[in-house]
Amino acid sequence: MAKRIDVSGLTAYYGSHKAIEDISMTVEPRSVTAFIGPSGCGKSTFLRTLNRMHEVTTGGRVEGKVLLDDEDLYGTHVDPVAVRRTVGMVFQRPNPFPTMSIYDNVAAGLRLNGSYKKSELGDIVEKSLKGANLWNEVKDRLNKPGSGLSGGQQQRLCIARAIAVEPDVLLMDEPCSALDPISTLAIEDLIGELKERFTIVIVTHNMQQAARVSDRTAFFNLSAVGQPGRLIEIDETERIFSNPSVQATEDYISGRFG
Amino acid sequence: MDTTTKNPTAPPVPGPLGAEQKRAARGATRPGDRIFLGLSRGSGILLLLIMAAIAAFLTYRAAIVLTKDQGNFFTTFEWNPTMDPPVFGIAVLAFGTVVSSVIAMALAVPVAVSIALFITHYAPRKLGGPIAYVIDLLAAVPSIVYGLWGALVLVPHMNGLFGWLDSYLGWTGIFEWQGGAPRSLLTASVLLAIMILPIITNVSREVFRQVPKMQEEAALALGATRWEVIRMSVLPFGRSGVISASMLGLGRALGETMAVATVLSPTFEIHASLLDPGGGTFAQNIASKFGEANEQGRDALIASGLVLFLITLLVNGAARAIIARRKEYSGASA
Amino acid sequence: MTHAAARAAQARRSTLQGARLPRWSPWAIAGGSVVAAVAVGLGAGLDSRIQWGLIAALLFVLGTYAIAARTEGRRQARDRVATSVVWVAFVVAVIPLASLLYATVKRGVKVFNGYFLSHSMGVVADTEPGGGIYHAIIGTLEQVGIATLISVPIGALTAIYLVEYGRGKLAAAVTFFVDVMTGIPSIVAGLFILSFWILILDLGPSGFAGSLALSILMMPVVVRSTEEMLKLVPNELREASLALGVPKWRTILKVVLPTSVGGITTGVMLAIARITGETAPVLLLVWGTGFINNNPFEGAQASLPLYIYQQYANSAGSNAAYDRAWAAALALIAFVMILNLVARGIARWKAPRH
């Protein structure tokens, strides 16, 4: 059940420091949207406002609206825990729970949200691991700790864990930056498959990656160090990389800065 | 700062100095180096000798008196080492020491872990720091002060609690109370628990603070509540650290002398009830009986001290082993 | 889609909004619990405040669960219970610790004055008012001073050996036994010195014998803290100095130690604070006296912690003695706390590269 995200006038702070300012955009369901931009431009911060992870950081606070279909994530009675269940996240460095087995890692989110029969749980774990293209590699060692896998496998395990709870949106914060090229390719292929079912937002440093996997690309920038990051433009990926409407985007894409 | 540090990339010194430098790198060949190495190595060896001497002297004095002991050292419920022939055994002391320390640990660990979690995960950031600081300071309060407070403030307050325990749980036998002054093993346990609370809290807090942020975020992003984050990420990561902290606390409690000596009315018997006065611990017994003991009596106390020494060695050794295992574990998964 | 997945989707499709208790609800529940506990306590005639507190704590935790489970659901309720348990534990722990400090200060100031600090017990009987802790302060300062003089050089040199030279079996053994030594109960250290100083060498009680036992307790602490500090000194500093042809021992003395001296001082002061409060070994080896004995090498001496114990234990419940015990406790705590605060101050001030 992929959902559309409508962001309007979003500003996020760390304490008194304004990290991003006045961002408005729409993220289409069943597509991949990539965020690119130089370091410190706030693209990761922005990503974390989409599932209310930003406020977990000390001093983190947000103004503005994020509508998931028609529901404001920052509405008065919204439970951030429920938001994070609906909007899954994959982090920069793979972070499986080190004390849990592969199976338990995938089942972790499900166990939080209700009681399942053993067979049901097994089905979902298998389906999620298959969905993350990891099943064939781990089906014989589901009870081994997840920390024994390679980095790329760990990251796919984290994706399996995130999709097991059937979120509406999947956020990925530079999911390949800690991985080797082959693992990166595997994840990129996976992203292409997952977008059939989920709304995917991915932050990346790697412009080729953005060009390869995304349907739409948003370019973030900041006017100077210490200034808040802003959304410069968002458009079809093809147009951003061939014929962007803003000069700064073109400068960045062509490697003139950042 | 020394001026030599400002120029780390200085070219190697040519000539004879270069040769000397090589020699210095090989080992201590200059007189200064030899003396310094000798001194520092000697200190290390001295420490080992002291440890060996502690074990040897205690064993030696204990052996003298143990050969004369007419009772069974491990099972006799009596402490009359000054009699001729002497009769004494540590059964009562071993029981009292282990029971009071284990209860103290059972009382202190949940509270200490909660406070550690409070400081790291619950308290507002502005409050957590000062609280941790105060707990740090409390760990430094001398045990005799805890003892004085225990005897003059805590003991009177235990009456009501004891009456309560007696009326609701008296039927178990463990919490039966004849109504004597509440100077019992349980009071000692409560005081010990209060004393070891700061150290267990401090160690646990350090461990919880080291939980990788990304582990906690992993749980959060799955839609975990704060408690679920703690259960999924923080507690599994901190478990071995908490265990070893508890063992350190247990080691403290086992060897604590003054606090027990001030709140306990010792008798040389074992009660089923924890509430009636009586019983004793190794350390308390040494402090209380020392004044009236002759040489043979002191040797008997030394023998009991040796047993206490061995017990604390075991407990502390276990704590260290757990810490060492944890280091390997976290190194492997990093 | 399997049945289970459908259920997962079902659970998810429910709204993001959950019924939430208002922010003030924990305070309200806590207040209600306290009121209820007081009512129960008065009603049932429970005279112990400990019972009142326990009832309030129990009501708070159970009440939180009941109220949260009804409005917010089981998971939120569990989360709230965990929060309330953590808060309760914190309060439960703070009460005795606060009471300890409060009692010491309140009862200690009664006789705590210049006279108390500058007079000994002399011929004052334990049950009478009067007297002071001058002799005990002298004893403590001398015993702790000598213990420091013994253990700091040995401890620091051992740490230097472990960090700068130590490899192989000897270093491993030293490391292990330093750990073991850290766990020695103070009374066992006292018994050890007793066994050879008094029972074998047949020397009488003295401040020095006490110092020996105290230094056994102090050495491992000094080793550990010094070791930690030396390890913080970056290797580049050592290499830079060695590369200039400075011999290793001078490198250690002129580069490594000065860099870490702040931290080492902190460690030593914390160790001093720790042994200052030790009573048991002093009881066995120094015995205590009411008179001033300036000579730590001969005859029984007094010491502050021992003074507290003896005023408490030998006074047959005399209030005058209790007052003196509290006042001495106040002096001891003040001394230990000041040492701690200064030590931490130094640590913060000299903190390497933070």
# chains A, B, ... in the order shown; residues from 1 in each chain; ligands from 1
$ interface_residues --of "chain A" --to "chain B" --cutoff "9 Å" --atoms "only C-alpha atoms" --output "PyMOL selection string"
chain A and resi 51+53+56+58+80-91+93-99+108-110+112-113+147-148+158+161-162+165
$ closest_atom_pairs --of "chain A" --to "chain C" --cutoff "6 Å" --atoms "only C-alpha atoms" --output "CSV"
residue,atom,partner,partner_atom,distance
A:His77,CA,C:Gln17,CA,5.5
A:Val78,CA,C:Gln17,CA,4.3
A:Asp79,CA,C:Gln17,CA,5.6
A:Ala82,CA,C:Leu16,CA,5.4
A:Glu120,CA,C:Ala4,CA,5.4
$ residues_around --residues "C:Lys169" --least-positions-apart "6" --cutoff "12 Å" --atoms "only C-alpha atoms" --output "list in words"
Gly44 and Ile45 of chain B; Leu162, Thr175 and Phe176 of chain C
$ write_last_selection --atoms "N, CA and C atoms" --output "PDB file, in the first residue's frame"
ATOM      1  N   GLY B  44      56.455  -3.573  39.750  1.00  0.00           N
ATOM      2  CA  GLY B  44      55.487  -4.587  39.335  1.00  0.00           C
ATOM      3  C   GLY B  44      55.718  -5.892  40.082  1.00  0.00           C
ATOM      4  N   ILE B  45      56.992  -6.274  40.169  1.00  0.00           N
ATOM      5  CA  ILE B  45      57.306  -7.526  40.862  1.00  0.00           C
ATOM      6  C   ILE B  45      56.941  -7.404  42.340  1.00  0.00           C
TER       7      ILE B  45
ATOM      8  N   LEU C 162      53.832  -1.227  32.971  1.00  0.00           N
ATOM      9  CA  LEU C 162      52.795  -1.901  32.187  1.00  0.00           C
ATOM     10  C   LEU C 162      52.571  -1.213  30.845  1.00  0.00           C
ATOM     11  N   THR C 175      49.180  -7.315  35.573  1.00  0.00           N
ATOM     12  CA  THR C 175      47.846  -6.808  35.258  1.00  0.00           C
ATOM     13  C   THR C 175      46.781  -7.614  35.981  1.00  0.00           C
ATOM     14  N   PHE C 176      46.910  -8.935  35.891  1.00  0.00           N
ATOM     15  CA  PHE C 176      45.921  -9.801  36.516  1.00  0.00           C
ATOM     16  C   PHE C 176      45.859  -9.573  38.025  1.00  0.00           C
TER      17      PHE C 176
END
$ select_by_dssp --residues "stretch 75-173 of chain C" --states "alpha helix (DSSP H)" --output "PyMOL selection string"
chain C and resi 75-108+114-118+134-160+168-173
$ atom_distance --atom1 "atom CA of C:Arg70" --atom2 "atom CA of B:Pro110"
27.3 Å
$ interface_residues --of "chain C" --to "chain B" --cutoff "6 Å" --atoms "only C-alpha atoms" --output "PyMOL selection string"
chain C and resi 48+79+86+89-90+154+157-158+161+185+188+192+237+240-241+245+249+277+329
$ closest_residue --among "C:Lys231, C:His135, C:Arg167, C:Lys248" --to "C:Asn293" --atoms "only C-alpha atoms"
C:His135
$ closest_residue --among "C:Val144, C:Ala313, C:Ile252, C:Ile150" --to "C:Met269" --atoms "only C-alpha atoms"
C:Val144
$ residues_around --residues "C:Ala147" --least-positions-apart "6" --cutoff "7 Å" --atoms "only C-alpha atoms" --output "list in words"
Ser211, Leu212, Leu214 and Ser215 of chain C
$ atom_distance --atom1 "atom CA of A:Ala34" --atom2 "atom CA of A:Gly64"
21.3 Å
$ atom_distance --atom1 "atom CA of A:Val203" --atom2 "atom CA of A:Met172"
6.2 Å
$ residues_around --residues "C:Val105" --least-positions-apart "2" --cutoff "10 Å" --atoms "only C-alpha atoms" --output "number ranges by chain"
C: 99-103, 107-110, 112, 326-327, 329-331, 333-334
$ write_last_selection --atoms "C-alpha atoms" --output "CSV table (one decimal), in the first residue's frame"
chain,number,residue,atom,x,y,z
C,99,SER,CA,18.6,11.0,54.1
C,100,LEU,CA,22.2,10.0,54.7
C,101,LEU,CA,23.6,13.4,53.7
C,102,TYR,CA,20.8,15.2,55.5
C,103,ALA,CA,21.2,13.3,58.8
C,107,ARG,CA,23.2,16.1,63.4
C,108,GLY,CA,26.8,16.8,62.7
C,109,VAL,CA,26.7,20.5,63.0
C,110,LYS,CA,25.5,20.3,66.7
C,112,PHE,CA,31.0,20.8,65.0
C,326,TRP,CA,27.9,12.6,63.6
C,327,ALA,CA,30.2,15.6,63.8
C,329,ALA,CA,31.2,11.9,60.1
C,330,LEU,CA,30.5,15.3,58.8
C,331,ALA,CA,34.2,16.2,58.9
C,333,ILE,CA,32.5,13.4,54.4
C,334,ALA,CA,33.5,17.0,53.9
$ residues_around --residues "C:Ile346" --least-positions-apart "5" --cutoff "8 Å" --atoms "only C-alpha atoms" --output "JSON, numbers by chain"
{"C": [262, 263, 265, 266, 351]}
$ residues_around --residues "A:Ser223" --least-positions-apart "2" --cutoff "12 Å" --atoms "only C-alpha atoms" --output "list in words"
Ile20, Glu21, Gly37, Pro38, Gly40, Cys41, Gly42, Phe220, Asn221, Val225, Gly226, Gln227, Pro228, Gly229, Arg230, Leu231, Ile232 and Ala248 of chain A
$ write_last_selection --atoms "C-alpha atoms" --output "CSV table (one decimal), in the first residue's frame"
chain,number,residue,atom,x,y,z
A,20,ILE,CA,16.7,22.8,6.7
A,21,GLU,CA,14.3,25.6,5.8
A,37,GLY,CA,23.3,17.5,-2.7
A,38,PRO,CA,26.6,18.4,-1.1
A,40,GLY,CA,25.7,19.2,5.2
A,41,CYS,CA,22.8,20.3,2.9
A,42,GLY,CA,20.3,18.7,5.2
A,220,PHE,CA,19.4,20.2,-2.0
A,221,ASN,CA,21.9,22.9,-1.4
A,225,VAL,CA,28.3,26.7,5.8
A,226,GLY,CA,26.1,27.2,8.9
A,227,GLN,CA,23.1,28.3,6.7
A,228,PRO,CA,20.1,26.0,6.5
A,229,GLY,CA,19.8,23.6,3.6
A,230,ARG,CA,17.1,24.2,1.0
A,231,LEU,CA,15.4,22.3,-1.7
A,232,ILE,CA,16.7,23.7,-5.0
A,248,ALA,CA,23.4,25.4,-9.2
$ select_by_dssp --residues "stretch 24-219 of chain A" --states "strand (DSSP E or B)" --output "count of residues only"
41
